[in-house]
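K.L.:
Sending over protein_9.pdb (PDB, C-alpha atoms).
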```pdb
MODEL        1
ATOM      1  CA  MET A   1     -60.044 -42.969   7.723
ATOM      2  CA  ASP A   2     -58.075 -41.262  10.501
ATOM      3  CA  LYS A   3     -55.824 -43.524  12.458
ATOM      4  CA  GLU A   4     -56.279 -43.185  16.219
ATOM      5  CA  PRO A   5     -52.945 -42.783  18.090
ATOM      6  CA  ASN A   6     -51.996 -45.716  20.271
ATOM      7  CA  LEU A   7     -51.604 -45.413  24.017
ATOM      8  CA  MET A   8     -47.822 -44.993  23.852
ATOM      9  CA  GLU A   9     -48.099 -42.079  21.420
ATOM     10  CA  GLN A  10     -50.688 -40.429  23.661
ATOM     11  CA  TYR A  11     -48.461 -40.926  26.700
ATOM     12  CA  LEU A  12     -45.428 -39.468  24.920
ATOM     13  CA  LYS A  13     -47.427 -36.400  23.928
ATOM     14  CA  LEU A  14     -48.456 -35.832  27.544
ATOM     15  CA  TYR A  15     -45.066 -36.718  29.027
ATOM     16  CA  PRO A  16     -42.314 -36.103  26.497
ATOM     17  CA  PRO A  17     -38.949 -37.684  27.339
ATOM     18  CA  LYS A  18     -36.442 -35.418  29.014
ATOM     19  CA  LYS A  19     -33.587 -34.270  26.880
ATOM     20  CA  ILE A  20     -30.402 -36.099  27.748
ATOM     21  CA  ILE A  21     -27.519 -33.739  28.333
ATOM     22  CA  LYS A  22     -24.029 -35.116  28.046
ATOM     23  CA  ILE A  23     -21.582 -33.633  30.523
ATOM     24  CA  ASP A  24     -17.879 -34.096  30.064
ATOM     25  CA  ASN A  25     -15.592 -35.182  32.908
ATOM     26  CA  GLU A  26     -14.170 -31.692  33.428
ATOM     27  CA  THR A  27     -17.646 -30.197  33.851
ATOM     28  CA  GLN A  28     -18.601 -32.948  36.309
ATOM     29  CA  GLU A  29     -15.374 -32.408  38.253
ATOM     30  CA  ASN A  30     -15.938 -28.643  38.410
ATOM     31  CA  ALA A  31     -19.511 -29.155  39.622
ATOM     32  CA  LEU A  32     -18.300 -31.547  42.333
ATOM     33  CA  LYS A  33     -15.623 -29.087  43.466
ATOM     34  CA  ALA A  34     -18.176 -26.276  43.605
ATOM     35  CA  ARG A  35     -20.555 -28.403  45.673
ATOM     36  CA  ASN A  36     -17.745 -29.377  48.056
ATOM     37  CA  ARG A  37     -16.710 -25.721  48.443
ATOM     38  CA  LYS A  38     -20.293 -24.866  49.306
ATOM     39  CA  ILE A  39     -20.538 -27.672  51.883
ATOM     40  CA  ASN A  40     -17.152 -26.827  53.408
ATOM     41  CA  GLY A  41     -18.191 -23.176  53.590
ATOM     42  CA  LEU A  42     -21.305 -23.952  55.632
ATOM     43  CA  THR A  43     -21.043 -23.053  59.295
ATOM     44  CA  ILE A  44     -21.619 -25.773  61.852
ATOM     45  CA  GLU A  45     -24.800 -24.623  63.564
ATOM     46  CA  ARG A  46     -25.252 -27.289  66.258
ATOM     47  CA  LYS A  47     -22.964 -29.758  68.011
ATOM     48  CA  LEU A  48     -23.699 -33.040  69.780
ATOM     49  CA  ASP A  49     -21.025 -34.623  71.988
ATOM     50  CA  LEU A  50     -21.532 -38.354  72.513
ATOM     51  CA  HIS A  51     -18.217 -39.123  74.271
ATOM     52  CA  GLY A  52     -18.577 -41.938  76.764
ATOM     53  CA  ASP A  53     -22.176 -42.809  75.877
ATOM     54  CA  THR A  54     -23.398 -46.324  75.250
ATOM     55  CA  ILE A  55     -24.429 -47.091  71.679
ATOM     56  CA  GLY A  56     -28.133 -47.241  72.554
ATOM     57  CA  SER A  57     -28.090 -43.934  74.386
ATOM     58  CA  ALA A  58     -25.959 -42.274  71.701
ATOM     59  CA  LEU A  59     -28.237 -43.344  68.847
ATOM     60  CA  ASN A  60     -31.306 -42.110  70.743
ATOM     61  CA  GLN A  61     -29.656 -38.753  71.362
ATOM     62  CA  LEU A  62     -28.501 -38.577  67.746
ATOM     63  CA  GLU A  63     -32.007 -39.129  66.356
ATOM     64  CA  ASN A  64     -33.489 -36.496  68.687
ATOM     65  CA  PHE A  65     -30.658 -34.081  67.848
ATOM     66  CA  LEU A  66     -31.140 -34.482  64.081
ATOM     67  CA  GLN A  67     -34.900 -34.020  64.330
ATOM     68  CA  LYS A  68     -34.574 -30.892  66.474
ATOM     69  CA  ALA A  69     -31.838 -29.407  64.272
ATOM     70  CA  GLY A  70     -33.969 -30.080  61.196
ATOM     71  CA  ARG A  71     -37.003 -28.423  62.746
ATOM     72  CA  GLU A  72     -34.851 -25.400  63.610
ATOM     73  CA  GLY A  73     -33.679 -25.117  59.996
ATOM     74  CA  CYS A  74     -30.036 -26.046  60.582
ATOM     75  CA  GLU A  75     -28.047 -26.983  57.499
ATOM     76  CA  LYS A  76     -24.835 -28.399  58.953
ATOM     77  CA  VAL A  77     -24.295 -30.079  62.318
ATOM     78  CA  LEU A  78     -21.363 -31.740  64.075
ATOM     79  CA  ILE A  79     -21.471 -35.027  65.947
ATOM     80  CA  VAL A  80     -18.521 -35.787  68.238
ATOM     81  CA  HIS A  81     -18.246 -39.550  68.723
ATOM     82  CA  GLY A  82     -14.597 -39.926  69.669
ATOM     83  CA  LYS A  83     -11.844 -41.959  68.066
ATOM     84  CA  GLY A  84     -12.316 -45.071  70.183
ATOM     85  CA  LEU A  85      -8.983 -44.671  71.946
ATOM     86  CA  HIS A  86     -10.510 -45.533  75.340
ATOM     87  CA  SER A  87     -12.665 -48.397  74.073
ATOM     88  CA  PRO A  88     -11.709 -52.036  74.626
ATOM     89  CA  GLY A  89      -9.241 -52.938  71.898
ATOM     90  CA  ASN A  90      -9.179 -49.289  70.776
ATOM     91  CA  LYS A  91     -12.093 -50.128  68.464
ATOM     92  CA  ALA A  92     -14.270 -47.142  67.598
ATOM     93  CA  VAL A  93     -17.629 -48.875  68.081
ATOM     94  CA  LEU A  94     -19.508 -45.643  68.800
ATOM     95  CA  LYS A  95     -18.048 -43.994  65.709
ATOM     96  CA  GLU A  96     -19.110 -46.915  63.521
ATOM     97  CA  ALA A  97     -22.634 -46.920  64.961
ATOM     98  CA  VAL A  98     -23.001 -43.157  64.491
ATOM     99  CA  LEU A  99     -21.753 -43.296  60.886
ATOM    100  CA  GLU A 100     -24.167 -46.127  60.090
ATOM    101  CA  ALA A 101     -27.074 -44.230  61.645
ATOM    102  CA  LEU A 102     -26.206 -41.035  59.758
ATOM    103  CA  GLN A 103     -25.948 -42.872  56.438
ATOM    104  CA  ALA A 104     -29.329 -44.521  57.011
ATOM    105  CA  SER A 105     -31.086 -41.405  58.273
ATOM    106  CA  PRO A 106     -33.713 -39.860  55.989
ATOM    107  CA  LEU A 107     -32.859 -36.502  57.600
ATOM    108  CA  VAL A 108     -29.244 -36.458  56.378
ATOM    109  CA  ARG A 109     -28.118 -35.470  52.891
ATOM    110  CA  LYS A 110     -24.342 -35.842  53.193
ATOM    111  CA  ILE A 111     -21.742 -36.654  55.855
ATOM    112  CA  GLY A 112     -18.007 -36.172  56.152
ATOM    113  CA  ARG A 113     -15.053 -36.189  58.512
ATOM    114  CA  ALA A 114     -14.690 -33.075  60.600
ATOM    115  CA  SER A 115     -11.747 -30.742  60.133
ATOM    116  CA  PRO A 116      -8.889 -31.107  62.652
ATOM    117  CA  LYS A 117     -10.083 -28.022  64.548
ATOM    118  CA  ASP A 118     -13.539 -29.606  64.935
ATOM    119  CA  GLY A 119     -12.321 -33.030  66.071
ATOM    120  CA  GLY A 120     -10.836 -34.684  62.986
ATOM    121  CA  SER A 121     -11.524 -38.425  62.873
ATOM    122  CA  GLY A 122     -13.274 -38.181  66.251
ATOM    123  CA  ALA A 123     -16.161 -36.181  64.813
ATOM    124  CA  THR A 124     -18.424 -36.201  61.769
ATOM    125  CA  TRP A 125     -20.354 -33.373  60.170
ATOM    126  CA  ALA A 126     -23.728 -33.875  58.550
ATOM    127  CA  VAL A 127     -25.612 -31.708  56.073
ATOM    128  CA  LEU A 128     -29.328 -31.998  56.702
ATOM    129  CA  LYS A 129     -32.094 -32.178  54.097
TER     130      LYS A 129
ENDMDL
END
```
Could you express the structure from this file as structure tokens?
P.N.:
Amino acid sequence: MDKEPNLMEQYLKLYPPKKIIKIDNETQENALKARNRKINGLTIERKLDLHGDTIGSALNQLENFLQKAGREGCEKVLIVHGKGLHSPGNKAVLKEAVLEALQASPLVRKIGRASPKDGGSGATWAVLK
């Protein structure tokens, strides 16, 4: 009498497990460097300057800016939030709020500190999805 395959065997035939590929540390490091070179090589296509805005206004503008840039097919954008030097206690509250919003945004793939020529610690670039 033929034995009927159980549900797990049937599932594994339909959806075989993916082959696990082991990657050594050097290969991972080279891949990371290549990805970073690609990101750093992207041109900043749009810029949003939020200097002097309130947090509420800045976050509204940021969301609209990201949506519009995404619709226009932009890959990399720059958000200037300032360093907080003119804030009470020199605390960069706008910067912190912008970074939090970028990290939580479903539109953003990766963020990083802008180069000195683009604003350094007073600006953040974002790569969009």
K.L.:
Using only C-alpha atoms for the distances, tell me which of A:Ser57, A:Asp118, A:Ala123, A:Glu63 is nearest to A:Gly84.
P.N.:
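Using only C-alpha atoms, A:Gly84 sits closest to A:Ala123.
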K.L.:
Can you measure atom CA of A:Arg71 to atom CA of A:Lys110 for me? One decimal in Å is fine.
P.N.:
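If I compute the distance from atom CA of A:Arg71 to atom CA of A:Lys110, I get 17.5 Å.
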K.L.:
Show me as number ranges by chain the residues that reach within 12 Å of (-16.0, -45.1, 63.2), counting only C-alpha atoms and using the file's own coordinates.
P.N.:
A: 79-85, 87, 90-102, 112-113, 120-124
K.L.:
Record the distance separating atom CA of A:Lys47 and atom CA of A:Val77, expressed in Å with one decimal.
P.N.:
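Calculated distance between atom CA of A:Lys47 and atom CA of A:Val77 is 5.9 Å.
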K.L.:
If we count all atoms listed in the file and set the cut-off at 9 Å, which residues sit around A:Lys76, ignoring sequence neighbours fewer than 4 positions away in its own chain? Please answer as number ranges by chain.
P.N.:
A: 39, 42-46, 69, 125-128
K.L.:
As an exercise, work out the distance from atom CA of A:Asn30 to atom CA of A:Cys74 in Å and give it to one decimal place.
P.N.:
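Result for atom CA of A:Asn30 versus atom CA of A:Cys74: 26.4 Å, one decimal.
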K.L.:
Report as AutoDock Vina command-line options the centre and the edge lengths, in Å to one decimal, of the axis-aligned box holding every listed atom of stretch 121-129 of chain A, padded by 8 Å on each side.
P.N.:
```
--center_x -21.8 --center_y -35.1 --center_z 60.2 --size_x 36.6 --size_y 22.7 --size_z 28.2
```
K.L.:
Given all atoms listed in the file as the basis, pick out the residue of A:Gly73, A:Thr27, A:Gly119, A:Lys18 nearest to A:Asp49.
P.N.:
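Residue with the minimum atom-to-atom distance to A:Asp49: A:Gly119.
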